[in-house]
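The structure appears below as structure tokens.
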Amino acid sequence: MAQTMDIAVSKNGKRVLNVWFAVLVLFLYAPLGLLLLFSFNDNNLPVFPLKGFTTSAYEQFAANAELKASVVTSAKVAAISSLIAVLLGLLAAIVLVRRHVFGKSVASALLLSPLVVPYIALAIGLLVFFSQVPEWFPLGMRTIVMGHVVLSIPYTILILVPRFERLDVRIEEAARDLGAGAFQTFRLITLPLILPALVSAFIVAFVLSFDEIIIASFVNGDITTFPIYLFSQLRFPTLLPQVIAVACVVMAASALILVGAEIGRRILERRLGAEL
Amino acid sequence: MAVEAQEVAKPTPAKGVMRRSHSGLATTGLLAPPTLWLAIFFLVPVVLILLYSVNLFSLYPGGQYFTLDAWKDFLDGGPFLQLFWKSIWMSLAVSVIAVVAAYPIAYYLALVASKRKYVLLLLILAPFLVSYFLRLLAWKVILGDQGVINSFLYWTGLRAEDDPVTWLLYSKFAVVLTLIYVYVPFVALPIFASLESMDRRLLEAAADLGASRWQAFRKVTLPLSLPGVIAAFIFVFIPTIGEYFTPLLVGGVNGTMFGNAIADQFGQSLNWLNGSVLSFFLLLVVALLMGVFARYLTIRRVATG
């Protein structure tokens, strides 16, 4: 190992890389640190010099009903759309890994293409489509969900496919040989084994949807999601500290949830590993 | 996420396909729901955009007839085409700078920082978890007329009180800087993955055969990491061409990009014909770029593997 490192970089080179790494970390974190600082600053404008410590921005938003409603809306949209995306991604992953079917490459190209499609084009397309048949698709929470599922499906597939590739088919075959039906095998054998990957896929899809604003802002009708609410508040500069405060709280909460979910997933995976 | 994409690419030894024969019907049944969902909520909208762009569909009743006039107007080199090229240049600047800035980081993590590399990688990736909106907001606060940089310049006496540096925010510069900020972690990941999967013995062999560090890098490491570099480049370049939200928030008039023009045609200007031409053109460009670069992309192996 040490030998590779010696060839890869000289002593001075290592120093330069160390500095560059530090610069980039500073570049990534300083803006966020500044935001946090301003959310506690006793001034309605986010400017220097700092005036004093206050938690008023945090207290104000706690009493803001409109804001809380938008967070709930976003959480609902994210939960429903990621559930659908994980289910659809699971079906697709099973076929892509396990089955030989005509037109598989075309289907997978279609399933993965939302990864590179510009969100604005998709948003416009959905708006045009929904406005063609407004009686079927009245703009609102449901139409946002429909769009977010499209965005999330490729991510769920990319998370589930490697898991299925690592899965030993012989375990499932043993279950079948012992008399379990196809569905029983899936429920008792496959599902517990892929559960951690399903949880990962759900979390990624949830975060994606919760944070998404472009599609949401085109097909929302009169529904206000959390990013849409934040964006609308930017028009009033005096509300900026509040917006920052809210965003900081949501950031902290989502970090906690993610870390918690990741720990849960690891425990689950370890237990599964011990059983096998 | 991109880690997963890379994992897909690893030639996992196939554990054997199910021996039991599956009826084609069951397989179709499994694949149908996800494919149908994308057909309805992705393909149908795209086709509708195409139909709108040639006026076979129209906002106004009775106004439908086939015409390529809007396409001709657009391709004749009007302001929208100019805006498109401007967007391409801005995206190119973002992707090139992001890749150049991230390569040494990926190199450092994969080949130099031996034990702590995954902790340090997490440090680079963590800003991803921060809301996109919040990250843009941070730069608005830093770059504004009364922002952090301008306050600092005033405080140090480098500028007069009424003379803030105005090009920092609501400019091309602001859009490019913010996009680099957003995409740098994303770029580091595929480059890291390609360097990480490189066979270290090749480097040792190069050194044993008398190559200098620079020669070993240029002849061995760089070519082997190229797929990661290209993947990183594409995954920044392609989505940023259609960037909409970043220019809207920090771009002002000068920093407007193609995506904003599209949104404007469907919003304030209410010219769906024109807007559809712009949208479909953007989709064509993206499809074309994907076609050109697809062979470098590892996720394609999901399709063929």
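Just so we're on the same page: first chain in the structure tokens is A, next is B, and so on; residues restart at 1 for each chain, and ligands are numbered from 1 in the order they show up.
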
- [ ] Kindly provide, as a ChimeraX atom specification, the residues of chain A having any atom no farther than 7 Å from an atom of chain B, counting only C-alpha atoms.
- [x] /A:4-5,7-9,17,21,25,28,31-32,35,46-48,88-89,91-92,95,98,105,107-109,111,116-118,120-121,125-126,128-129,146-147,150,158-159,162,168-169,211,247,251

TODO: Please identify which residues in range 28-250 of chain A DSSP calls helix (DSSP H, G or I) from the backbone, and express them as a PyMOL selection string.
DONE: chain A and resi 28-39+56-62+65-98+104-115+119-132+141-166+169-177+182-211+214-219+226-233+237-250

Task: Distance query range 202-210 of chain A at most 7 Å, only C-alpha atoms, self and fewer than 5 positions along chain excluded, as a list in words - done: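 Counting only C-alpha atoms, the residues come to Ser74, Ala75, Ala78, Ala79, Ser82, Leu83, Val86, His148 and Ser152 of chain A.
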
What's the 9 Å shell around Glu172 in chain A, counting only C-alpha atoms, without same-chain residues fewer than 4 positions away, as a CSV table (one decimal) with N, CA, C and O atoms, in the first residue's frame?
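The result, written out as selection.csv:
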```csv
chain,number,residue,atom,x,y,z
A,168,ASP,N,-28.2,-14.9,-4.1
A,168,ASP,CA,-27.9,-16.3,-4.6
A,168,ASP,C,-29.2,-16.9,-5.0
A,168,ASP,O,-30.1,-17.2,-4.1
A,176,ARG,N,-38.3,-23.3,-3.5
A,176,ARG,CA,-39.2,-23.9,-4.5
A,176,ARG,C,-39.2,-25.4,-4.4
A,176,ARG,O,-40.2,-26.0,-4.5
A,177,ASP,N,-38.0,-26.0,-4.3
A,177,ASP,CA,-37.9,-27.4,-4.3
A,177,ASP,C,-38.6,-28.0,-3.1
A,177,ASP,O,-39.1,-29.1,-3.1
A,185,THR,N,-42.3,-18.0,-1.9
A,185,THR,CA,-40.9,-17.9,-2.0
A,185,THR,C,-40.5,-16.4,-1.9
A,185,THR,O,-39.5,-16.0,-1.1
A,186,PHE,N,-41.2,-15.6,-2.6
A,186,PHE,CA,-40.8,-14.2,-2.6
A,186,PHE,C,-41.0,-13.5,-1.3
A,186,PHE,O,-40.2,-12.9,-0.7
A,189,ILE,N,-38.6,-15.6,1.4
A,189,ILE,CA,-37.1,-15.7,1.2
A,189,ILE,C,-36.6,-14.4,0.6
A,189,ILE,O,-35.7,-13.7,1.1
A,190,THR,N,-37.1,-14.0,-0.6
A,190,THR,CA,-36.5,-12.9,-1.3
A,190,THR,C,-36.7,-11.6,-0.6
A,190,THR,O,-35.8,-10.8,-0.4
B,18,MET,N,-32.3,-18.3,-13.0
B,18,MET,CA,-33.3,-19.3,-12.5
B,18,MET,C,-33.5,-20.5,-13.5
B,18,MET,O,-33.7,-20.2,-14.7
```

Open item on the list: Report, in Å to a single decimal, how far apart CA of Val145 in chain A and CA of Leu67 in chain A are.
Closed with: 20.0 Å

TODO: Can you pull out every residue within 12 Å of Ser56 in chain A, counting only C-alpha atoms, but drop anything in the same chain fewer than 4 positions away, and send it as a list in words?
DONE: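 Listed by chain and then number, they are Phe38, Ser39, Phe40, Asn41, Asp42, Asn43, Asn44, Gly52, Gln60, Phe61, Ala62, Ala63, Leu239, Pro241, Gln242, Ala245 and Val246 of chain A.
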
- [ ] Take CA of Val97 in chain A and CA of Ile157 in chain A and report the distance between them in Å, one decimal.
- [x]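 Taking CA of Val97 in chain A and CA of Ile157 in chain A, their separation equals 10.5 Å.
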
Can you pull out every residue within 10 Å of Tyr229 in chain A, counting only C-alpha atoms, but drop anything in the same chain fewer than 4 positions away, and send it as a JSON list (two decimals) with N, CA, C and O atoms, in the first residue's frame?
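Saved to out.json:
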```json
[["chain", "number", "residue", "atom", "x", "y", "z"],
["A", 66, "GLU", "N", -49.11, 27.96, 7.84],
["A", 66, "GLU", "CA", -48.98, 27.76, 6.40],
["A", 66, "GLU", "C", -47.74, 26.92, 6.08],
["A", 66, "GLU", "O", -47.75, 26.01, 5.26],
["A", 67, "LEU", "N", -46.67, 27.28, 6.79],
["A", 67, "LEU", "CA", -45.40, 26.59, 6.59],
["A", 67, "LEU", "C", -45.50, 25.13, 7.00],
["A", 67, "LEU", "O", -45.08, 24.23, 6.25],
["A", 69, "ALA", "N", -48.11, 23.32, 7.15],
["A", 69, "ALA", "CA", -48.97, 22.61, 6.19],
["A", 69, "ALA", "C", -48.18, 22.20, 4.96],
["A", 69, "ALA", "O", -48.34, 21.09, 4.44],
["A", 70, "SER", "N", -47.27, 23.11, 4.51],
["A", 70, "SER", "CA", -46.50, 22.79, 3.30],
["A", 70, "SER", "C", -45.53, 21.64, 3.56],
["A", 70, "SER", "O", -45.30, 20.80, 2.68],
["A", 71, "VAL", "N", -44.97, 21.58, 4.76],
["A", 71, "VAL", "CA", -44.07, 20.46, 5.09],
["A", 71, "VAL", "C", -44.84, 19.15, 5.08],
["A", 71, "VAL", "O", -44.38, 18.14, 4.54],
["A", 213, "ILE", "N", -38.54, 20.87, -6.88],
["A", 213, "ILE", "CA", -39.38, 22.06, -7.05],
["A", 213, "ILE", "C", -39.83, 22.29, -8.49],
["A", 213, "ILE", "O", -40.93, 22.81, -8.72],
["A", 223, "ILE", "N", -51.79, 23.61, -4.85],
["A", 223, "ILE", "CA", -51.12, 22.93, -3.73],
["A", 223, "ILE", "C", -49.75, 23.58, -3.49],
["A", 223, "ILE", "O", -49.05, 23.91, -4.45],
["A", 224, "THR", "N", -49.38, 23.78, -2.23],
["A", 224, "THR", "CA", -48.07, 24.35, -1.91],
["A", 224, "THR", "C", -47.21, 23.30, -1.22],
["A", 224, "THR", "O", -47.51, 22.88, -0.11],
["A", 225, "THR", "N", -46.14, 22.88, -1.93],
["A", 225, "THR", "CA", -45.19, 21.98, -1.28],
["A", 225, "THR", "C", -44.16, 22.82, -0.53],
["A", 225, "THR", "O", -44.11, 24.04, -0.69],
["A", 233, "GLN", "N", -41.53, 32.65, -0.28],
["A", 233, "GLN", "CA", -41.17, 33.54, 0.82],
["A", 233, "GLN", "C", -39.96, 34.42, 0.50],
["A", 233, "GLN", "O", -39.73, 35.43, 1.15],
["A", 234, "LEU", "N", -39.19, 34.01, -0.51],
["A", 234, "LEU", "CA", -37.99, 34.77, -0.85],
["A", 234, "LEU", "C", -38.32, 36.17, -1.34],
["A", 234, "LEU", "O", -37.46, 37.06, -1.34],
["A", 243, "VAL", "N", -36.82, 31.82, 6.73],
["A", 243, "VAL", "CA", -36.67, 30.79, 5.70],
["A", 243, "VAL", "C", -35.41, 29.96, 5.98],
["A", 243, "VAL", "O", -35.43, 28.73, 5.92]]
```

At a cut-off of 12 Å, using only C-alpha atoms, what residues contact Trp89 in chain B? Leave out same-chain residues fewer than 2 positions from it and give the result as a PDB file with all heavy atoms, in the first residue's frame.
```pdb
ATOM      1  N   GLN B  82     -29.434  31.681 -29.926  1.00  0.00           N
ATOM      2  CA  GLN B  82     -28.275  32.293 -29.278  1.00  0.00           C
ATOM      3  C   GLN B  82     -28.236  31.939 -27.802  1.00  0.00           C
ATOM      4  O   GLN B  82     -27.185  31.608 -27.248  1.00  0.00           O
ATOM      5  CB  GLN B  82     -28.329  33.814 -29.429  1.00  0.00           C
ATOM      6  CG  GLN B  82     -27.857  34.298 -30.786  1.00  0.00           C
ATOM      7  CD  GLN B  82     -28.169  35.770 -30.986  1.00  0.00           C
ATOM      8  OE1 GLN B  82     -28.331  36.510 -30.020  1.00  0.00           O
ATOM      9  NE2 GLN B  82     -28.260  36.174 -32.235  1.00  0.00           N
ATOM     10  N   LEU B  83     -29.421  31.981 -27.184  1.00  0.00           N
ATOM     11  CA  LEU B  83     -29.504  31.638 -25.769  1.00  0.00           C
ATOM     12  C   LEU B  83     -29.092  30.187 -25.548  1.00  0.00           C
ATOM     13  O   LEU B  83     -28.426  29.864 -24.567  1.00  0.00           O
ATOM     14  CB  LEU B  83     -30.929  31.864 -25.264  1.00  0.00           C
ATOM     15  CG  LEU B  83     -31.125  31.730 -23.754  1.00  0.00           C
ATOM     16  CD1 LEU B  83     -30.308  32.768 -23.020  1.00  0.00           C
ATOM     17  CD2 LEU B  83     -32.591  31.842 -23.396  1.00  0.00           C
ATOM     18  N   PHE B  84     -29.479  29.325 -26.513  1.00  0.00           N
ATOM     19  CA  PHE B  84     -29.102  27.926 -26.401  1.00  0.00           C
ATOM     20  C   PHE B  84     -27.585  27.774 -26.393  1.00  0.00           C
ATOM     21  O   PHE B  84     -27.020  27.077 -25.561  1.00  0.00           O
ATOM     22  CB  PHE B  84     -29.716  27.122 -27.556  1.00  0.00           C
ATOM     23  CG  PHE B  84     -29.205  25.714 -27.625  1.00  0.00           C
ATOM     24  CD1 PHE B  84     -29.654  24.770 -26.707  1.00  0.00           C
ATOM     25  CD2 PHE B  84     -28.264  25.344 -28.567  1.00  0.00           C
ATOM     26  CE1 PHE B  84     -29.165  23.480 -26.745  1.00  0.00           C
ATOM     27  CE2 PHE B  84     -27.776  24.050 -28.608  1.00  0.00           C
ATOM     28  CZ  PHE B  84     -28.228  23.116 -27.707  1.00  0.00           C
ATOM     29  N   TRP B  85     -26.914  28.447 -27.334  1.00  0.00           N
ATOM     30  CA  TRP B  85     -25.445  28.336 -27.390  1.00  0.00           C
ATOM     31  C   TRP B  85     -24.801  28.904 -26.136  1.00  0.00           C
ATOM     32  O   TRP B  85     -23.817  28.382 -25.632  1.00  0.00           O
ATOM     33  CB  TRP B  85     -24.895  29.012 -28.648  1.00  0.00           C
ATOM     34  CG  TRP B  85     -25.175  28.197 -29.864  1.00  0.00           C
ATOM     35  CD1 TRP B  85     -25.959  28.552 -30.918  1.00  0.00           C
ATOM     36  CD2 TRP B  85     -24.717  26.865 -30.143  1.00  0.00           C
ATOM     37  NE1 TRP B  85     -26.022  27.533 -31.837  1.00  0.00           N
ATOM     38  CE2 TRP B  85     -25.265  26.485 -31.382  1.00  0.00           C
ATOM     39  CE3 TRP B  85     -23.907  25.958 -29.457  1.00  0.00           C
ATOM     40  CZ2 TRP B  85     -25.012  25.244 -31.960  1.00  0.00           C
ATOM     41  CZ3 TRP B  85     -23.656  24.718 -30.019  1.00  0.00           C
ATOM     42  CH2 TRP B  85     -24.211  24.372 -31.261  1.00  0.00           C
ATOM     43  N   LYS B  86     -25.390  29.990 -25.632  1.00  0.00           N
ATOM     44  CA  LYS B  86     -24.869  30.555 -24.383  1.00  0.00           C
ATOM     45  C   LYS B  86     -24.976  29.531 -23.248  1.00  0.00           C
ATOM     46  O   LYS B  86     -24.039  29.352 -22.464  1.00  0.00           O
ATOM     47  CB  LYS B  86     -25.662  31.825 -24.039  1.00  0.00           C
ATOM     48  CG  LYS B  86     -25.178  32.540 -22.797  1.00  0.00           C
ATOM     49  CD  LYS B  86     -26.035  33.774 -22.542  1.00  0.00           C
ATOM     50  CE  LYS B  86     -26.297  33.958 -21.077  1.00  0.00           C
ATOM     51  NZ  LYS B  86     -27.384  34.882 -20.817  1.00  0.00           N
ATOM     52  N   SER B  87     -26.134  28.830 -23.197  1.00  0.00           N
ATOM     53  CA  SER B  87     -26.318  27.805 -22.167  1.00  0.00           C
ATOM     54  C   SER B  87     -25.288  26.695 -22.312  1.00  0.00           C
ATOM     55  O   SER B  87     -24.748  26.191 -21.334  1.00  0.00           O
ATOM     56  CB  SER B  87     -27.715  27.194 -22.246  1.00  0.00           C
ATOM     57  OG  SER B  87     -28.687  28.172 -22.030  1.00  0.00           O
ATOM     58  N   SER B  91     -22.705  25.579 -19.499  1.00  0.00           N
ATOM     59  CA  SER B  91     -22.658  24.200 -19.013  1.00  0.00           C
ATOM     60  C   SER B  91     -21.265  23.613 -19.177  1.00  0.00           C
ATOM     61  O   SER B  91     -20.764  22.893 -18.318  1.00  0.00           O
ATOM     62  CB  SER B  91     -23.638  23.314 -19.770  1.00  0.00           C
ATOM     63  OG  SER B  91     -24.906  23.854 -19.728  1.00  0.00           O
ATOM     64  N   LEU B  92     -20.665  23.930 -20.329  1.00  0.00           N
ATOM     65  CA  LEU B  92     -19.320  23.420 -20.611  1.00  0.00           C
ATOM     66  C   LEU B  92     -18.329  23.952 -19.575  1.00  0.00           C
ATOM     67  O   LEU B  92     -17.513  23.204 -19.033  1.00  0.00           O
ATOM     68  CB  LEU B  92     -18.900  23.868 -22.015  1.00  0.00           C
ATOM     69  CG  LEU B  92     -17.954  22.957 -22.786  1.00  0.00           C
ATOM     70  CD1 LEU B  92     -18.532  21.559 -22.889  1.00  0.00           C
ATOM     71  CD2 LEU B  92     -17.681  23.528 -24.169  1.00  0.00           C
ATOM     72  N   ALA B  93     -18.435  25.258 -19.281  1.00  0.00           N
ATOM     73  CA  ALA B  93     -17.549  25.853 -18.278  1.00  0.00           C
ATOM     74  C   ALA B  93     -17.746  25.163 -16.931  1.00  0.00           C
ATOM     75  O   ALA B  93     -16.767  24.778 -16.267  1.00  0.00           O
ATOM     76  CB  ALA B  93     -17.833  27.351 -18.145  1.00  0.00           C
ATOM     77  N   VAL B  94     -19.017  24.971 -16.545  1.00  0.00           N
ATOM     78  CA  VAL B  94     -19.309  24.322 -15.262  1.00  0.00           C
ATOM     79  C   VAL B  94     -18.706  22.920 -15.229  1.00  0.00           C
ATOM     80  O   VAL B  94     -18.012  22.550 -14.274  1.00  0.00           O
ATOM     81  CB  VAL B  94     -20.834  24.245 -15.019  1.00  0.00           C
ATOM     82  CG1 VAL B  94     -21.139  23.363 -13.824  1.00  0.00           C
ATOM     83  CG2 VAL B  94     -21.408  25.633 -14.814  1.00  0.00           C
ATOM     84  N   SER B  95     -18.952  22.113 -16.289  1.00  0.00           N
ATOM     85  CA  SER B  95     -18.517  20.722 -16.232  1.00  0.00           C
ATOM     86  C   SER B  95     -16.999  20.616 -16.242  1.00  0.00           C
ATOM     87  O   SER B  95     -16.439  19.796 -15.513  1.00  0.00           O
ATOM     88  CB  SER B  95     -19.112  19.875 -17.356  1.00  0.00           C
ATOM     89  OG  SER B  95     -20.002  20.596 -18.137  1.00  0.00           O
ATOM     90  N   VAL B  96     -16.340  21.429 -17.083  1.00  0.00           N
ATOM     91  CA  VAL B  96     -14.881  21.329 -17.159  1.00  0.00           C
ATOM     92  C   VAL B  96     -14.246  21.747 -15.830  1.00  0.00           C
ATOM     93  O   VAL B  96     -13.394  21.037 -15.278  1.00  0.00           O
ATOM     94  CB  VAL B  96     -14.330  22.196 -18.316  1.00  0.00           C
ATOM     95  CG1 VAL B  96     -12.814  22.297 -18.232  1.00  0.00           C
ATOM     96  CG2 VAL B  96     -14.746  21.603 -19.651  1.00  0.00           C
ATOM     97  N   LYS B 172     -23.926  35.806 -15.053  1.00  0.00           N
ATOM     98  CA  LYS B 172     -23.439  34.521 -15.531  1.00  0.00           C
ATOM     99  C   LYS B 172     -22.497  33.906 -14.518  1.00  0.00           C
ATOM    100  O   LYS B 172     -22.535  32.711 -14.246  1.00  0.00           O
ATOM    101  CB  LYS B 172     -22.682  34.739 -16.861  1.00  0.00           C
ATOM    102  CG  LYS B 172     -23.451  34.286 -18.079  1.00  0.00           C
ATOM    103  CD  LYS B 172     -22.532  34.128 -19.252  1.00  0.00           C
ATOM    104  CE  LYS B 172     -22.333  35.433 -19.985  1.00  0.00           C
ATOM    105  NZ  LYS B 172     -21.633  35.266 -21.277  1.00  0.00           N
ATOM    106  N   VAL B 176     -22.673  30.118 -12.922  1.00  0.00           N
ATOM    107  CA  VAL B 176     -21.608  29.129 -13.116  1.00  0.00           C
ATOM    108  C   VAL B 176     -21.014  28.706 -11.771  1.00  0.00           C
ATOM    109  O   VAL B 176     -20.862  27.517 -11.483  1.00  0.00           O
ATOM    110  CB  VAL B 176     -20.506  29.690 -14.051  1.00  0.00           C
ATOM    111  CG1 VAL B 176     -19.294  28.769 -14.081  1.00  0.00           C
ATOM    112  CG2 VAL B 176     -21.064  29.861 -15.457  1.00  0.00           C
ATOM    113  N   PHE B 237     -22.718  17.940 -17.478  1.00  0.00           N
ATOM    114  CA  PHE B 237     -22.966  18.712 -18.696  1.00  0.00           C
ATOM    115  C   PHE B 237     -24.427  18.598 -19.149  1.00  0.00           C
ATOM    116  O   PHE B 237     -25.081  19.616 -19.409  1.00  0.00           O
ATOM    117  CB  PHE B 237     -22.021  18.233 -19.799  1.00  0.00           C
ATOM    118  CG  PHE B 237     -22.132  19.012 -21.075  1.00  0.00           C
ATOM    119  CD1 PHE B 237     -21.861  20.370 -21.091  1.00  0.00           C
ATOM    120  CD2 PHE B 237     -22.500  18.389 -22.252  1.00  0.00           C
ATOM    121  CE1 PHE B 237     -21.965  21.101 -22.265  1.00  0.00           C
ATOM    122  CE2 PHE B 237     -22.609  19.106 -23.429  1.00  0.00           C
ATOM    123  CZ  PHE B 237     -22.341  20.461 -23.432  1.00  0.00           C
ATOM    124  N   ILE B 238     -24.930  17.365 -19.219  1.00  0.00           N
ATOM    125  CA  ILE B 238     -26.274  17.181 -19.772  1.00  0.00           C
ATOM    126  C   ILE B 238     -27.371  17.824 -18.922  1.00  0.00           C
ATOM    127  O   ILE B 238     -28.173  18.595 -19.444  1.00  0.00           O
ATOM    128  CB  ILE B 238     -26.534  15.687 -20.069  1.00  0.00           C
ATOM    129  CG1 ILE B 238     -25.646  15.290 -21.242  1.00  0.00           C
ATOM    130  CG2 ILE B 238     -27.998  15.434 -20.382  1.00  0.00           C
ATOM    131  CD1 ILE B 238     -25.793  13.880 -21.699  1.00  0.00           C
ATOM    132  N   THR B 240     -27.139  20.259 -16.806  1.00  0.00           N
ATOM    133  CA  THR B 240     -27.028  21.710 -16.650  1.00  0.00           C
ATOM    134  C   THR B 240     -27.463  22.471 -17.904  1.00  0.00           C
ATOM    135  O   THR B 240     -27.787  23.657 -17.811  1.00  0.00           O
ATOM    136  CB  THR B 240     -25.593  22.156 -16.273  1.00  0.00           C
ATOM    137  OG1 THR B 240     -24.677  21.500 -17.119  1.00  0.00           O
ATOM    138  CG2 THR B 240     -25.280  21.873 -14.836  1.00  0.00           C
ATOM    139  N   ILE B 241     -27.472  21.827 -19.069  1.00  0.00           N
ATOM    140  CA  ILE B 241     -27.950  22.531 -20.272  1.00  0.00           C
ATOM    141  C   ILE B 241     -29.394  22.992 -20.054  1.00  0.00           C
ATOM    142  O   ILE B 241     -29.790  24.066 -20.476  1.00  0.00           O
ATOM    143  CB  ILE B 241     -27.894  21.624 -21.528  1.00  0.00           C
ATOM    144  CG1 ILE B 241     -26.469  21.171 -21.795  1.00  0.00           C
ATOM    145  CG2 ILE B 241     -28.411  22.369 -22.759  1.00  0.00           C
ATOM    146  CD1 ILE B 241     -26.397  20.149 -22.903  1.00  0.00           C
ATOM    147  N   GLY B 255     -27.764  36.119 -16.522  1.00  0.00           N
ATOM    148  CA  GLY B 255     -27.484  34.703 -16.287  1.00  0.00           C
ATOM    149  C   GLY B 255     -28.577  33.776 -16.775  1.00  0.00           C
ATOM    150  O   GLY B 255     -28.545  32.588 -16.519  1.00  0.00           O
ATOM    151  N   MET B 257     -30.774  31.177 -18.712  1.00  0.00           N
ATOM    152  CA  MET B 257     -30.377  30.046 -19.546  1.00  0.00           C
ATOM    153  C   MET B 257     -31.581  29.546 -20.340  1.00  0.00           C
ATOM    154  O   MET B 257     -32.692  30.045 -20.212  1.00  0.00           O
ATOM    155  CB  MET B 257     -29.776  28.933 -18.689  1.00  0.00           C
ATOM    156  CG  MET B 257     -28.385  29.290 -18.176  1.00  0.00           C
ATOM    157  SD  MET B 257     -27.670  28.057 -17.093  1.00  0.00           S
ATOM    158  CE  MET B 257     -27.070  26.854 -18.282  1.00  0.00           C
ATOM    159  N   PHE B 258     -31.311  28.531 -21.180  1.00  0.00           N
ATOM    160  CA  PHE B 258     -32.323  28.022 -22.100  1.00  0.00           C
ATOM    161  C   PHE B 258     -33.581  27.551 -21.361  1.00  0.00           C
ATOM    162  O   PHE B 258     -34.702  27.790 -21.819  1.00  0.00           O
ATOM    163  CB  PHE B 258     -31.710  26.875 -22.907  1.00  0.00           C
ATOM    164  CG  PHE B 258     -32.451  26.560 -24.176  1.00  0.00           C
ATOM    165  CD1 PHE B 258     -32.579  27.515 -25.166  1.00  0.00           C
ATOM    166  CD2 PHE B 258     -32.997  25.303 -24.375  1.00  0.00           C
ATOM    167  CE1 PHE B 258     -33.245  27.227 -26.341  1.00  0.00           C
ATOM    168  CE2 PHE B 258     -33.662  25.003 -25.557  1.00  0.00           C
ATOM    169  CZ  PHE B 258     -33.787  25.963 -26.535  1.00  0.00           C
TER     170      PHE B 258
END
```
